[in-house]
file target20.cif (mmCIF, C-alpha atoms)
data_structure
loop_
_atom_site.group_PDB
_atom_site.id
_atom_site.type_symbol
_atom_site.label_atom_id
_atom_site.label_comp_id
_atom_site.auth_asym_id
_atom_site.auth_seq_id
_atom_site.Cartn_x
_atom_site.Cartn_y
_atom_site.Cartn_z
ATOM 1 C CA MET A 113 0.000 0.000 0.000
ATOM 2 C CA ASP A 114 1.363 3.419 -0.972
ATOM 3 C CA TYR A 115 0.502 5.194 2.268
ATOM 4 C CA LEU A 116 1.943 8.570 1.319
ATOM 5 C CA ASN A 117 0.219 8.686 -2.069
ATOM 6 C CA ILE A 118 -3.148 7.856 -0.493
ATOM 7 C CA TYR A 119 -2.619 10.560 2.104
ATOM 8 C CA ASN A 120 -1.356 13.255 -0.284
ATOM 9 C CA SER A 121 -3.970 12.686 -2.982
ATOM 10 C CA ASN A 122 -6.830 12.936 -0.487
ATOM 11 C CA TYR A 123 -5.255 15.865 1.370
ATOM 12 C CA ASN A 124 -4.737 17.882 -1.817
ATOM 13 C CA LYS A 125 -8.209 17.099 -3.150
ATOM 14 C CA ALA A 126 -9.868 18.032 0.150
ATOM 15 C CA TYR A 127 -7.854 21.249 0.346
ATOM 16 C CA ARG A 128 -8.897 22.314 -3.167
ATOM 17 C CA ILE A 129 -12.545 21.513 -2.477
ATOM 18 C CA GLY A 130 -12.464 23.297 0.885
ATOM 19 C CA GLU A 131 -10.861 26.393 -0.603
ATOM 20 C CA SER A 132 -13.481 26.477 -3.367
ATOM 21 C CA PHE A 133 -16.280 25.905 -0.837
ATOM 22 C CA PHE A 134 -15.123 28.844 1.291
ATOM 23 C CA LYS A 135 -14.954 31.108 -1.755
ATOM 24 C CA HIS A 136 -18.382 30.242 -3.131
ATOM 25 C CA LYS A 137 -20.062 30.465 0.270
ATOM 26 C CA LEU A 138 -18.562 33.895 0.911
ATOM 27 C CA ILE A 139 -19.739 35.071 -2.512
ATOM 28 C CA GLN A 140 -23.214 33.693 -1.779
ATOM 29 C CA PHE A 141 -23.455 35.273 1.678
ATOM 30 C CA ASN A 142 -22.086 38.559 0.362
ATOM 31 C CA LYS A 143 -24.994 38.705 -2.097
ATOM 32 C CA GLU A 144 -27.335 38.009 0.823
ATOM 33 C CA THR A 145 -25.761 41.026 2.634
ATOM 34 C CA LEU A 146 -24.569 39.016 5.627
ATOM 35 C CA SER A 147 -21.722 40.506 7.626
ATOM 36 C CA PHE A 148 -18.295 38.991 7.078
ATOM 37 C CA GLY A 149 -18.245 37.623 10.616
ATOM 38 C CA ARG A 150 -21.615 35.919 10.204
ATOM 39 C CA ALA A 151 -20.715 34.542 6.770
ATOM 40 C CA SER A 152 -17.433 33.142 8.093
ATOM 41 C CA ASN A 153 -19.085 31.516 11.099
ATOM 42 C CA ILE A 154 -21.797 29.835 9.024
ATOM 43 C CA THR A 155 -19.222 28.507 6.566
ATOM 44 C CA ARG A 156 -17.102 27.105 9.400
ATOM 45 C CA GLU A 157 -20.180 25.464 10.933
ATOM 46 C CA LEU A 158 -21.059 23.799 7.627
ATOM 47 C CA ILE A 159 -17.558 22.359 7.369
ATOM 48 C CA GLU A 160 -17.591 21.225 11.009
ATOM 49 C CA ASN A 161 -20.948 19.491 10.534
ATOM 50 C CA PHE A 162 -19.614 17.722 7.453
ATOM 51 C CA GLU A 163 -16.586 16.460 9.360
ATOM 52 C CA LYS A 164 -18.703 15.160 12.257
ATOM 53 C CA ASN A 165 -19.849 12.313 10.014
ATOM 54 C CA PHE A 166 -16.341 10.880 9.753
ATOM 55 C CA SER A 167 -15.723 7.613 11.577
ATOM 56 C CA ILE A 168 -12.451 9.113 12.763
ATOM 57 C CA ASN A 169 -14.472 11.583 14.840
ATOM 58 C CA LYS A 170 -17.287 9.247 15.947
ATOM 59 C CA GLU A 171 -15.370 6.115 16.934
ATOM 60 C CA HIS A 172 -13.255 6.536 20.072
ATOM 61 C CA GLN A 173 -10.518 4.095 19.021
ATOM 62 C CA LEU A 174 -10.082 5.813 15.666
ATOM 63 C CA PHE A 175 -10.041 9.206 17.363
ATOM 64 C CA GLU A 176 -7.244 7.973 19.618
ATOM 65 C CA LEU A 177 -5.354 6.615 16.608
ATOM 66 C CA LYS A 178 -5.598 10.064 15.044
ATOM 67 C CA ASN A 179 -3.877 11.425 18.154
ATOM 68 C CA VAL A 180 -1.211 8.729 17.851
ATOM 69 C CA TYR A 181 -0.496 9.970 14.335
ATOM 70 C CA GLN A 182 -0.225 13.579 15.468
ATOM 71 C CA ASN A 183 1.985 12.819 18.453
ATOM 72 C CA SER A 184 4.281 10.508 16.466
ATOM 73 C CA LEU A 185 5.267 13.068 13.829
ATOM 74 C CA ARG A 186 7.996 14.325 16.147
ATOM 75 C CA ASN A 187 9.646 10.890 16.090
ATOM 76 C CA TYR A 188 11.183 11.505 12.666
ATOM 77 C CA SER A 189 13.384 14.225 11.214
ATOM 78 C CA LYS A 190 12.186 13.770 7.613
ATOM 79 C CA ASN A 191 9.517 11.880 5.644
ATOM 80 C CA GLU A 192 7.580 11.962 8.895
ATOM 81 C CA ILE A 193 4.086 11.562 7.408
ATOM 82 C CA GLU A 194 4.997 8.474 5.400
ATOM 83 C CA LEU A 195 6.957 6.882 8.241
ATOM 84 C CA VAL A 196 4.285 7.489 10.880
ATOM 85 C CA LEU A 197 1.625 5.982 8.609
ATOM 86 C CA LYS A 198 3.788 2.927 7.885
ATOM 87 C CA ASN A 199 4.831 2.379 11.469
ATOM 88 C CA GLU A 200 2.824 3.835 14.357
ATOM 89 C CA VAL A 201 -0.503 4.154 12.526
ATOM 90 C CA LYS A 202 -0.382 0.724 10.883
ATOM 91 C CA LYS A 203 0.628 -0.912 14.150
ATOM 92 C CA GLY A 204 -2.095 0.920 16.044
ATOM 93 C CA PHE A 205 -4.773 0.076 13.487
ATOM 94 C CA LEU A 206 -3.996 -3.644 13.668
ATOM 95 C CA LYS A 207 -4.591 -3.505 17.425
ATOM 96 C CA LEU A 208 -8.123 -2.144 17.050
ATOM 97 C CA SER A 209 -11.062 -4.241 18.207
ATOM 98 C CA LEU A 210 -12.518 -6.868 15.871
ATOM 99 C CA ASP A 211 -15.754 -4.884 15.634
ATOM 100 C CA ILE A 212 -13.895 -2.221 13.704
ATOM 101 C CA GLN A 213 -11.617 -4.502 11.715
ATOM 102 C CA ASN A 214 -14.505 -6.692 10.542
ATOM 103 C CA THR A 215 -16.343 -3.769 8.962
ATOM 104 C CA ASN A 216 -15.542 -2.248 5.591
ATOM 105 C CA TYR A 217 -13.456 0.382 7.360
ATOM 106 C CA THR A 218 -9.837 -0.343 6.438
ATOM 107 C CA LEU A 219 -6.469 1.216 7.123
ATOM 108 C CA GLU A 220 -6.815 2.966 3.773
ATOM 109 C CA SER A 221 -10.168 4.374 4.943
ATOM 110 C CA PHE A 222 -8.480 5.752 8.039
ATOM 111 C CA ILE A 223 -5.662 7.371 6.054
ATOM 112 C CA LYS A 224 -8.191 9.019 3.721
ATOM 113 C CA GLU A 225 -10.196 10.451 6.608
ATOM 114 C CA LEU A 226 -7.032 11.542 8.392
ATOM 115 C CA ALA A 227 -5.845 13.399 5.283
ATOM 116 C CA ILE A 228 -9.202 15.135 4.825
ATOM 117 C CA HIS A 229 -9.318 16.044 8.525
ATOM 118 C CA ASN A 230 -5.819 17.557 8.380
ATOM 119 C CA ALA A 231 -6.617 19.481 5.196
ATOM 120 C CA ILE A 232 -9.726 20.957 6.835
ATOM 121 C CA ASN A 233 -7.706 21.956 9.894
ATOM 122 C CA GLU A 234 -5.060 23.620 7.759
ATOM 123 C CA PHE A 235 -7.241 25.701 5.443
ATOM 124 C CA SER A 236 -9.468 26.648 8.402
ATOM 125 C CA ARG A 237 -6.407 27.772 10.372
ATOM 126 C CA LEU A 238 -5.105 29.861 7.487
ATOM 127 C CA PHE A 239 -8.522 31.376 6.833
ATOM 128 C CA ASN A 240 -8.756 32.426 10.485
ATOM 129 C CA ASN A 241 -5.201 33.790 10.617
ATOM 130 C CA HIS A 242 -5.618 35.753 7.378
ATOM 131 C CA SER A 243 -9.148 36.970 8.084
ATOM 132 C CA ASP A 244 -8.200 40.616 7.414
ATOM 133 C CA LEU A 245 -7.283 39.664 3.851
ATOM 134 C CA PHE A 246 -10.557 37.840 3.231
ATOM 135 C CA LYS A 247 -12.580 40.562 4.934
ATOM 136 C CA MET A 248 -11.102 43.103 2.528
ATOM 137 C CA MET A 249 -12.220 40.913 -0.388
ATOM 138 C CA TYR A 250 -15.641 40.424 1.173
ATOM 139 C CA ASP A 251 -16.240 44.077 2.032
ATOM 140 C CA ASN A 252 -15.384 45.109 -1.518
ATOM 141 C CA ASP A 253 -17.121 42.159 -3.233
ATOM 142 C CA TYR A 254 -13.896 41.237 -5.011
ATOM 143 C CA PHE A 255 -12.864 37.580 -4.984
ATOM 144 C CA ASP A 256 -10.603 37.364 -8.045
ATOM 145 C CA LEU A 257 -7.514 36.886 -5.859
ATOM 146 C CA PHE A 258 -9.155 34.479 -3.428
ATOM 147 C CA GLU A 259 -6.896 31.659 -2.319
ATOM 148 C CA ILE A 260 -6.165 30.125 1.055
ATOM 149 C CA LYS A 261 -2.423 29.683 1.321
ATOM 150 C CA ASP A 262 0.418 29.814 3.800
ATOM 151 C CA TYR A 263 2.560 32.908 3.213
ATOM 152 C CA ASN A 264 5.280 31.785 5.618
ATOM 153 C CA PRO A 265 8.006 33.012 6.089
ATOM 154 C CA ILE A 266 6.555 36.475 5.339
ATOM 155 C CA ASP A 267 3.538 38.026 7.025
ATOM 156 C CA PHE A 268 0.450 37.783 4.832
ATOM 157 C CA ARG A 269 0.159 41.584 4.916
ATOM 158 C CA ASP A 270 3.457 41.743 3.033
ATOM 159 C CA SER A 271 2.177 39.383 0.324
ATOM 160 C CA LYS A 272 1.431 40.535 -3.212
ATOM 161 C CA ASN A 273 -2.238 39.595 -2.857
ATOM 162 C CA TYR A 274 -2.711 41.747 0.222
ATOM 163 C CA THR A 275 -0.768 44.754 -1.047
ATOM 164 C CA ASP A 276 -2.540 44.593 -4.431
ATOM 165 C CA LEU A 277 -5.922 44.646 -2.702
ATOM 166 C CA LEU A 278 -4.848 47.412 -0.341
ATOM 167 C CA ASN A 279 -3.627 49.546 -3.239
ATOM 168 C CA ARG A 280 -6.804 48.858 -5.211
ATOM 169 C CA PHE A 281 -9.323 49.688 -2.486
ATOM 170 C CA TYR A 282 -7.405 51.822 0.023
ATOM 171 C CA PRO A 283 -4.656 53.570 -1.983
ATOM 172 C CA LEU A 284 -4.023 56.197 0.698
ATOM 173 C CA LYS A 285 -2.975 53.548 3.196
ATOM 174 C CA LYS A 286 0.179 52.371 1.438
ATOM 175 C CA SER A 287 3.202 51.962 3.674
ATOM 176 C CA PRO A 288 6.830 51.124 2.863
ATOM 177 C CA GLU A 289 7.205 49.326 6.190
ATOM 178 C CA THR A 290 6.783 45.589 6.474
ATOM 179 C CA TYR A 291 5.503 43.429 9.294
ATOM 180 C CA SER A 292 8.685 41.408 9.103
ATOM 181 C CA GLU A 293 10.588 44.331 10.606
ATOM 182 C CA SER A 294 11.781 43.685 14.115
ATOM 183 C CA PHE A 295 9.739 44.963 17.035
ATOM 184 C CA LEU A 296 12.969 45.993 18.685
ATOM 185 C CA GLU A 297 14.591 49.324 17.885
ATOM 186 C CA THR A 298 17.906 50.582 19.188
ATOM 187 C CA TYR A 299 17.728 53.967 20.866
ATOM 188 C CA THR A 300 20.479 56.207 22.175
ATOM 189 C CA ASP A 301 20.335 57.198 25.824
ATOM 190 C CA ASP A 302 19.119 60.667 24.836
ATOM 191 C CA ILE A 303 16.188 59.222 22.871
ATOM 192 C CA ILE A 304 15.252 56.922 25.754
ATOM 193 C CA ASP A 305 15.300 59.857 28.162
ATOM 194 C CA ASP A 306 13.173 61.863 25.755
ATOM 195 C CA LEU A 307 10.617 59.059 25.503
ATOM 196 C CA GLU A 308 10.419 58.685 29.260
ATOM 197 C CA ASN A 309 9.816 62.402 29.666
ATOM 198 C CA ASN A 310 7.074 62.455 27.015
ATOM 199 C CA LEU A 311 5.410 59.096 27.559
ATOM 200 C CA PRO A 312 1.694 59.330 26.718
ATOM 201 C CA TYR A 313 -0.816 57.991 29.210
ATOM 202 C CA PHE A 314 -2.397 54.648 28.321
ATOM 203 C CA ASN A 315 -5.533 53.582 30.163
ATOM 204 C CA GLU A 316 -6.005 49.926 31.036
ATOM 205 C CA LYS A 317 -8.211 49.159 28.025
ATOM 206 C CA GLU A 318 -5.649 50.693 25.690
ATOM 207 C CA LYS A 319 -2.893 48.621 27.272
ATOM 208 C CA ALA A 320 -4.951 45.468 26.861
ATOM 209 C CA PHE A 321 -5.689 46.213 23.211
ATOM 210 C CA LEU A 322 -2.024 46.966 22.538
ATOM 211 C CA LEU A 323 -1.185 43.505 23.817
ATOM 212 C CA HIS A 324 -4.015 42.092 21.698
ATOM 213 C CA SER A 325 -2.458 43.774 18.651
ATOM 214 C CA ILE A 326 0.982 42.347 19.375
ATOM 215 C CA TYR A 327 -0.514 38.911 19.961
ATOM 216 C CA LYS A 328 -2.354 39.003 16.617
ATOM 217 C CA ILE A 329 0.746 40.138 14.744
ATOM 218 C CA ILE A 330 2.812 37.313 16.236
ATOM 219 C CA GLU A 331 0.045 34.749 15.686
ATOM 220 C CA GLU A 332 -0.466 35.684 12.054
ATOM 221 C CA SER A 333 3.182 36.055 11.070
ATOM 222 C CA LYS A 334 4.663 33.088 12.948
ATOM 223 C CA SER A 335 2.006 30.414 12.840
ATOM 224 C CA ASN A 336 4.486 27.743 13.903
ATOM 225 C CA THR A 337 5.359 29.589 17.133
ATOM 226 C CA LYS A 338 2.061 30.559 18.708
ATOM 227 C CA LEU A 339 1.449 32.028 22.129
ATOM 228 C CA ASN A 340 -1.844 31.213 23.751
ATOM 229 C CA ASN A 341 -3.962 33.948 25.286
ATOM 230 C CA THR A 342 -3.612 32.620 28.824
ATOM 231 C CA GLU A 343 0.194 32.588 28.834
ATOM 232 C CA PHE A 344 0.353 35.960 27.163
ATOM 233 C CA TYR A 345 -2.140 37.442 29.606
ATOM 234 C CA LYS A 346 -0.145 36.187 32.581
ATOM 235 C CA VAL A 347 2.907 37.975 31.239
ATOM 236 C CA LEU A 348 0.769 41.062 30.753
ATOM 237 C CA SER A 349 -0.468 40.909 34.351
ATOM 238 C CA ILE A 350 3.045 40.627 35.745
ATOM 239 C CA VAL A 351 4.490 43.372 33.580
ATOM 240 C CA ASN A 352 1.867 46.070 33.606
ATOM 241 C CA LEU A 353 -1.868 45.588 34.075
ATOM 242 C CA LYS A 354 -3.029 45.908 37.652
ATOM 243 C CA ASP A 355 -4.760 42.541 37.619
ATOM 244 C CA ASP A 356 -3.150 39.612 39.397
ATOM 245 C CA SER A 357 -6.232 37.358 39.334
ATOM 246 C CA CYS A 358 -4.706 35.132 36.662
ATOM 247 C CA LEU A 359 -1.788 34.276 38.921
ATOM 248 C CA VAL A 360 -3.865 32.546 41.572
ATOM 249 C CA SER A 361 -7.047 31.294 39.891
ATOM 250 C CA ASP A 362 -9.084 31.075 36.701
ATOM 251 C CA ASN A 363 -10.885 34.336 37.498
ATOM 252 C CA TYR A 364 -8.854 36.133 34.833
ATOM 253 C CA LYS A 365 -11.403 34.948 32.254
ATOM 254 C CA ASN A 366 -13.921 37.317 33.840
ATOM 255 C CA SER A 367 -11.567 40.275 33.540
ATOM 256 C CA ASP A 368 -12.345 43.021 31.019
ATOM 257 C CA TYR A 369 -8.652 43.137 30.188
ATOM 258 C CA TYR A 370 -8.497 39.457 29.294
ATOM 259 C CA ARG A 371 -11.664 39.768 27.212
ATOM 260 C CA ILE A 372 -10.102 42.608 25.235
ATOM 261 C CA LEU A 373 -6.845 40.700 24.793
ATOM 262 C CA SER A 374 -8.616 37.604 23.485
ATOM 263 C CA GLY A 375 -11.596 39.224 21.737
ATOM 264 C CA GLY A 376 -10.303 42.535 20.414
ATOM 265 C CA LEU A 377 -12.336 45.612 19.522
ATOM 266 C CA GLU A 378 -15.764 44.029 19.951
ATOM 267 C CA LYS A 379 -15.011 43.617 23.657
ATOM 268 C CA ILE A 380 -14.450 47.368 23.915
ATOM 269 C CA SER A 381 -17.651 48.348 22.119
ATOM 270 C CA LEU A 382 -20.035 46.920 19.526
ATOM 271 C CA ASP A 383 -20.489 50.416 18.058
ATOM 272 C CA ILE A 384 -18.036 50.724 15.147
ATOM 273 C CA LYS A 385 -17.915 54.517 15.518
ATOM 274 C CA LEU A 386 -16.731 54.123 19.100
ATOM 275 C CA GLN A 387 -14.280 51.457 17.940
ATOM 276 C CA ASP A 388 -12.950 53.843 15.296
ATOM 277 C CA ASN A 389 -12.565 56.656 17.819
ATOM 278 C CA PHE A 390 -10.747 54.308 20.210
ATOM 279 C CA ILE A 391 -8.322 53.231 17.466
ATOM 280 C CA ASP A 392 -7.661 56.822 16.349
ATOM 281 C CA ILE A 393 -6.695 57.837 19.886
ATOM 282 C CA LEU A 394 -4.478 54.787 20.248
ATOM 283 C CA ILE A 395 -2.755 55.443 16.905
ATOM 284 C CA SER A 396 -1.793 58.948 17.999
ATOM 285 C CA LYS A 397 -0.066 57.458 21.044
ATOM 286 C CA THR A 398 1.714 54.620 19.233
ATOM 287 C CA ARG A 399 2.982 57.071 16.624
ATOM 288 C CA GLN A 400 4.361 59.275 19.375
ATOM 289 C CA LEU A 401 6.301 56.276 20.682
ATOM 290 C CA LYS A 402 7.412 55.258 17.167
ATOM 291 C CA LEU A 403 5.810 51.814 17.430
ATOM 292 C CA LYS A 404 5.885 51.259 13.688
ATOM 293 C CA ASN A 405 4.457 47.754 13.347
ATOM 294 C CA ILE A 406 1.688 48.304 15.852
ATOM 295 C CA THR A 407 0.787 51.650 14.285
ATOM 296 C CA LYS A 408 0.580 49.989 10.883
ATOM 297 C CA TYR A 409 -1.626 47.225 12.273
ATOM 298 C CA LEU A 410 -3.900 49.772 13.981
ATOM 299 C CA SER A 411 -4.024 51.973 10.869
ATOM 300 C CA GLU A 412 -5.304 49.089 8.782
ATOM 301 C CA LYS A 413 -7.951 48.379 11.411
ATOM 302 C CA SER A 414 -8.903 52.046 11.200
ATOM 303 C CA THR A 415 -9.156 51.830 7.408
ATOM 304 C CA PHE A 416 -11.653 48.976 7.594
ATOM 305 C CA LEU A 417 -13.699 50.704 10.293
ATOM 306 C CA LYS A 418 -13.904 53.988 8.384
ATOM 307 C CA ALA A 419 -14.883 52.141 5.212
ATOM 308 C CA SER A 420 -17.640 50.312 7.113
ATOM 309 C CA ILE A 421 -18.897 53.563 8.616
ATOM 310 C CA ALA A 422 -18.976 55.176 5.166
ATOM 311 C CA ARG A 423 -20.918 52.244 3.706
ATOM 312 C CA ASN A 424 -23.421 52.375 6.566
ATOM 313 C CA ASN A 425 -23.889 56.108 6.052
ATOM 314 C CA ASN A 426 -24.519 55.583 2.334
ATOM 315 C CA LYS A 427 -27.107 52.889 3.064
ATOM 316 C CA ALA A 428 -28.887 55.210 5.487
ATOM 317 C CA LYS A 429 -29.343 57.906 2.833
#

call {"tool": "encode", "arguments": {"input": "target20.cif", "output": "structure tokens"}}
result
Amino acid sequence: MDYLNIYNSNYNKAYRIGESFFKHKLIQFNKETLSFGRASNITRELIENFEKNFSINKEHQLFELKNVYQNSLRNYSKNEIELVLKNEVKKGFLKLSLDIQNTNYTLESFIKELAIHNAINEFSRLFNNHSDLFKMMYDNDYFDLFEIKDYNPIDFRDSKNYTDLLNRFYPLKKSPETYSESFLETYTDDIIDDLENNLPYFNEKEKAFLLHSIYKIIEESKSNTKLNNTEFYKVLSIVNLKDDSCLVSDNYKNSDYYRILSGGLEKISLDIKLQDNFIDILISKTRQLKLKNITKYLSEKSTFLKASIARNNNKAK
């Protein structure tokens, strides 16, 4: 049995179908005037419901074998997919109960479902991480450049697709800076002293959203080195925010600061005009501190908010 060929052929086919499904559903929901968030959630739910029918998700032993596959990838330095399928997965499948082995569900069936499952996880992950790109397409009803791909090692905002769309729909927001620039800048002692003497005041919500912005930039540009919200929030609590609840219990999840860190602007206000005003104030402060990457990230958020406000005003006329 050619394990790798079975896996790759099903993975690639599922990825192509999933990418096409996302595109056509977004086009459909755009015509129905659903918000991007609602359209994205419905599409994800449809895919999740489809995957629930897989034996790999319904049968406990197969679910555990899927975990064996995932955990065994680290055992090899190359050709890991092929070797795990030939060794750990095959061995594990042969140990399954007779009830499973006596059905029409074979090792090949498992590999096919595993490949489809992994393809769904991957294009769903990339869609979530690159949501700003797809929202720009959705908001402007322009899907010619639609594709779900991994832009690693560059940030997706530095990709040709993103910059082409930005130049097409928001030409005034062009920037020569890239997200791949380091967050760290070297200052002379005089500059540091000057910053300390002119440090703008940040309220607690602004601090939380700044950390949210940094978290999103790291998450989207370095998908293989993710921080989770809990760990990041603990660091935040120790360093700055006056909230030590996360250090002694799970109460941090009830904190406004944690909600903003994990949920973003919608946890500050559901009113997009208030969101826009909040971002504008924050941009003025990050510019003063020469936080280039964060200012760029916030400016693009501001662009989308102002465009949404303008569209809403036009609809109201």

call {"tool": "atom_distance", "arguments": {"input": "target20.cif", "atom1": "atom CA of Asn179 of chain A", "atom2": "atom CA of Tyr123 of chain A"}}
result
17.4 Å

call {"tool": "resolve_selection", "arguments": {"input": "target20.cif", "expression": "the PyMOL selection byres ((chain A and resi 175) around 12)", "output": "list of chain:residue names"}}
result
A:Lys164, A:Phe166, A:Ser167, A:Ile168, A:Asn169, A:Lys170, A:Glu171, A:His172, A:Gln173, A:Leu174, A:Glu176, A:Leu177, A:Lys178, A:Asn179, A:Val180, A:Tyr181, A:Gln182, A:Val201, A:Gly204, A:Phe205, A:Leu208, A:Phe222, A:Glu225, A:Leu226, A:His229

call {"tool": "residues_around", "arguments": {"input": "target20.cif", "residues": "segment 132-147 of chain A", "least_positions_apart": "6", "cutoff": "8 Å", "atoms": "all atoms listed in the file", "output": "ChimeraX atom specification"}}
result
/A:155,250,253,255,258

call {"tool": "residues_around", "arguments": {"input": "target20.cif", "residues": "Lys385 of chain A", "least_positions_apart": "5", "cutoff": "9 Å", "atoms": "all atoms listed in the file", "output": "PyMOL selection string"}}
result
chain A and resi 390+417-418+421

call {"tool": "atom_distance", "arguments": {"input": "target20.cif", "atom1": "atom CA of Ile118 of chain A", "atom2": "atom CA of Lys224 of chain A"}}
result
6.7 Å

call {"tool": "closest_residue", "arguments": {"input": "target20.cif", "among": "A:Leu197, A:Ala151, A:Ala227, A:Leu377", "to": "Tyr119 of chain A", "atoms": "only C-alpha atoms"}}
result
A:Ala227

call {"tool": "residues_near_point", "arguments": {"input": "target20.cif", "point": "(-16.3, 48.7, 16.8)", "cutoff": "12 Å", "atoms": "all atoms listed in the file", "output": "list of chain:residue names"}}
result
A:Gly375, A:Gly376, A:Leu377, A:Glu378, A:Lys379, A:Ile380, A:Ser381, A:Leu382, A:Asp383, A:Ile384, A:Lys385, A:Leu386, A:Gln387, A:Asp388, A:Asn389, A:Phe390, A:Ile391, A:Asp392, A:Lys413, A:Ser414, A:Phe416, A:Leu417, A:Lys418, A:Ser420, A:Ile421

call {"tool": "write_last_selection", "arguments": {"input": "target20.cif", "atoms": "C-alpha atoms", "output": "CSV table (one decimal), in the coordinates of the input"}}
result
chain,number,residue,atom,x,y,z
A,375,GLY,CA,-11.6,39.2,21.7
A,376,GLY,CA,-10.3,42.5,20.4
A,377,LEU,CA,-12.3,45.6,19.5
A,378,GLU,CA,-15.8,44.0,20.0
A,379,LYS,CA,-15.0,43.6,23.7
A,380,ILE,CA,-14.4,47.4,23.9
A,381,SER,CA,-17.7,48.3,22.1
A,382,LEU,CA,-20.0,46.9,19.5
A,383,ASP,CA,-20.5,50.4,18.1
A,384,ILE,CA,-18.0,50.7,15.1
A,385,LYS,CA,-17.9,54.5,15.5
A,386,LEU,CA,-16.7,54.1,19.1
A,387,GLN,CA,-14.3,51.5,17.9
A,388,ASP,CA,-13.0,53.8,15.3
A,389,ASN,CA,-12.6,56.7,17.8
A,390,PHE,CA,-10.7,54.3,20.2
A,391,ILE,CA,-8.3,53.2,17.5
A,392,ASP,CA,-7.7,56.8,16.3
A,413,LYS,CA,-8.0,48.4,11.4
A,414,SER,CA,-8.9,52.0,11.2
A,416,PHE,CA,-11.7,49.0,7.6
A,417,LEU,CA,-13.7,50.7,10.3
A,418,LYS,CA,-13.9,54.0,8.4
A,420,SER,CA,-17.6,50.3,7.1
A,421,ILE,CA,-18.9,53.6,8.6

call {"tool": "closest_residue", "arguments": {"input": "target20.cif", "among": "A:Phe321, A:Pro265, A:Asn273, A:Asn187", "to": "Ile406 of chain A", "atoms": "all atoms listed in the file"}}
result
A:Phe321

call {"tool": "atom_distance", "arguments": {"input": "target20.cif", "atom1": "atom CA of Leu410 of chain A", "atom2": "atom CA of Glu157 of chain A"}}
result
29.4 Å

call {"tool": "decode", "arguments": {"input": "target20.cif", "residues": "segment 149-153 of chain A", "atoms": "all heavy atoms", "output": "mmCIF file, in the first residue's frame"}}
result
data_model
loop_
_atom_site.group_PDB
_atom_site.id
_atom_site.type_symbol
_atom_site.label_atom_id
_atom_site.label_comp_id
_atom_site.auth_asym_id
_atom_site.auth_seq_id
_atom_site.Cartn_x
_atom_site.Cartn_y
_atom_site.Cartn_z
ATOM 1 N N GLY A 149 -18.340 38.500 9.457
ATOM 2 C CA GLY A 149 -18.245 37.623 10.616
ATOM 3 C C GLY A 149 -19.293 36.532 10.593
ATOM 4 O O GLY A 149 -18.996 35.361 10.861
ATOM 5 N N ARG A 150 -20.531 36.906 10.263
ATOM 6 C CA ARG A 150 -21.615 35.919 10.204
ATOM 7 C C ARG A 150 -21.378 34.927 9.074
ATOM 8 O O ARG A 150 -21.567 33.713 9.247
ATOM 9 C CB ARG A 150 -22.950 36.644 10.007
ATOM 10 C CG ARG A 150 -24.164 35.732 9.925
ATOM 11 C CD ARG A 150 -24.362 34.949 11.196
ATOM 12 N NE ARG A 150 -25.554 34.128 11.139
ATOM 13 C CZ ARG A 150 -25.705 32.986 11.797
ATOM 14 N NH1 ARG A 150 -24.734 32.535 12.568
ATOM 15 N NH2 ARG A 150 -26.818 32.296 11.708
ATOM 16 N N ALA A 151 -20.969 35.421 7.918
ATOM 17 C CA ALA A 151 -20.715 34.542 6.770
ATOM 18 C C ALA A 151 -19.605 33.546 7.085
ATOM 19 O O ALA A 151 -19.705 32.355 6.754
ATOM 20 C CB ALA A 151 -20.342 35.382 5.550
ATOM 21 N N SER A 152 -18.557 34.015 7.741
ATOM 22 C CA SER A 152 -17.433 33.142 8.093
ATOM 23 C C SER A 152 -17.869 32.067 9.079
ATOM 24 O O SER A 152 -17.518 30.889 8.938
ATOM 25 C CB SER A 152 -16.292 33.965 8.698
ATOM 26 O OG SER A 152 -15.839 34.933 7.787
ATOM 27 N N ASN A 153 -18.646 32.473 10.079
ATOM 28 C CA ASN A 153 -19.085 31.516 11.099
ATOM 29 C C ASN A 153 -19.983 30.435 10.514
ATOM 30 O O ASN A 153 -19.852 29.251 10.851
ATOM 31 C CB ASN A 153 -19.815 32.248 12.227
ATOM 32 C CG ASN A 153 -18.879 33.072 13.083
ATOM 33 O OD1 ASN A 153 -17.680 32.811 13.136
ATOM 34 N ND2 ASN A 153 -19.411 34.086 13.747
#
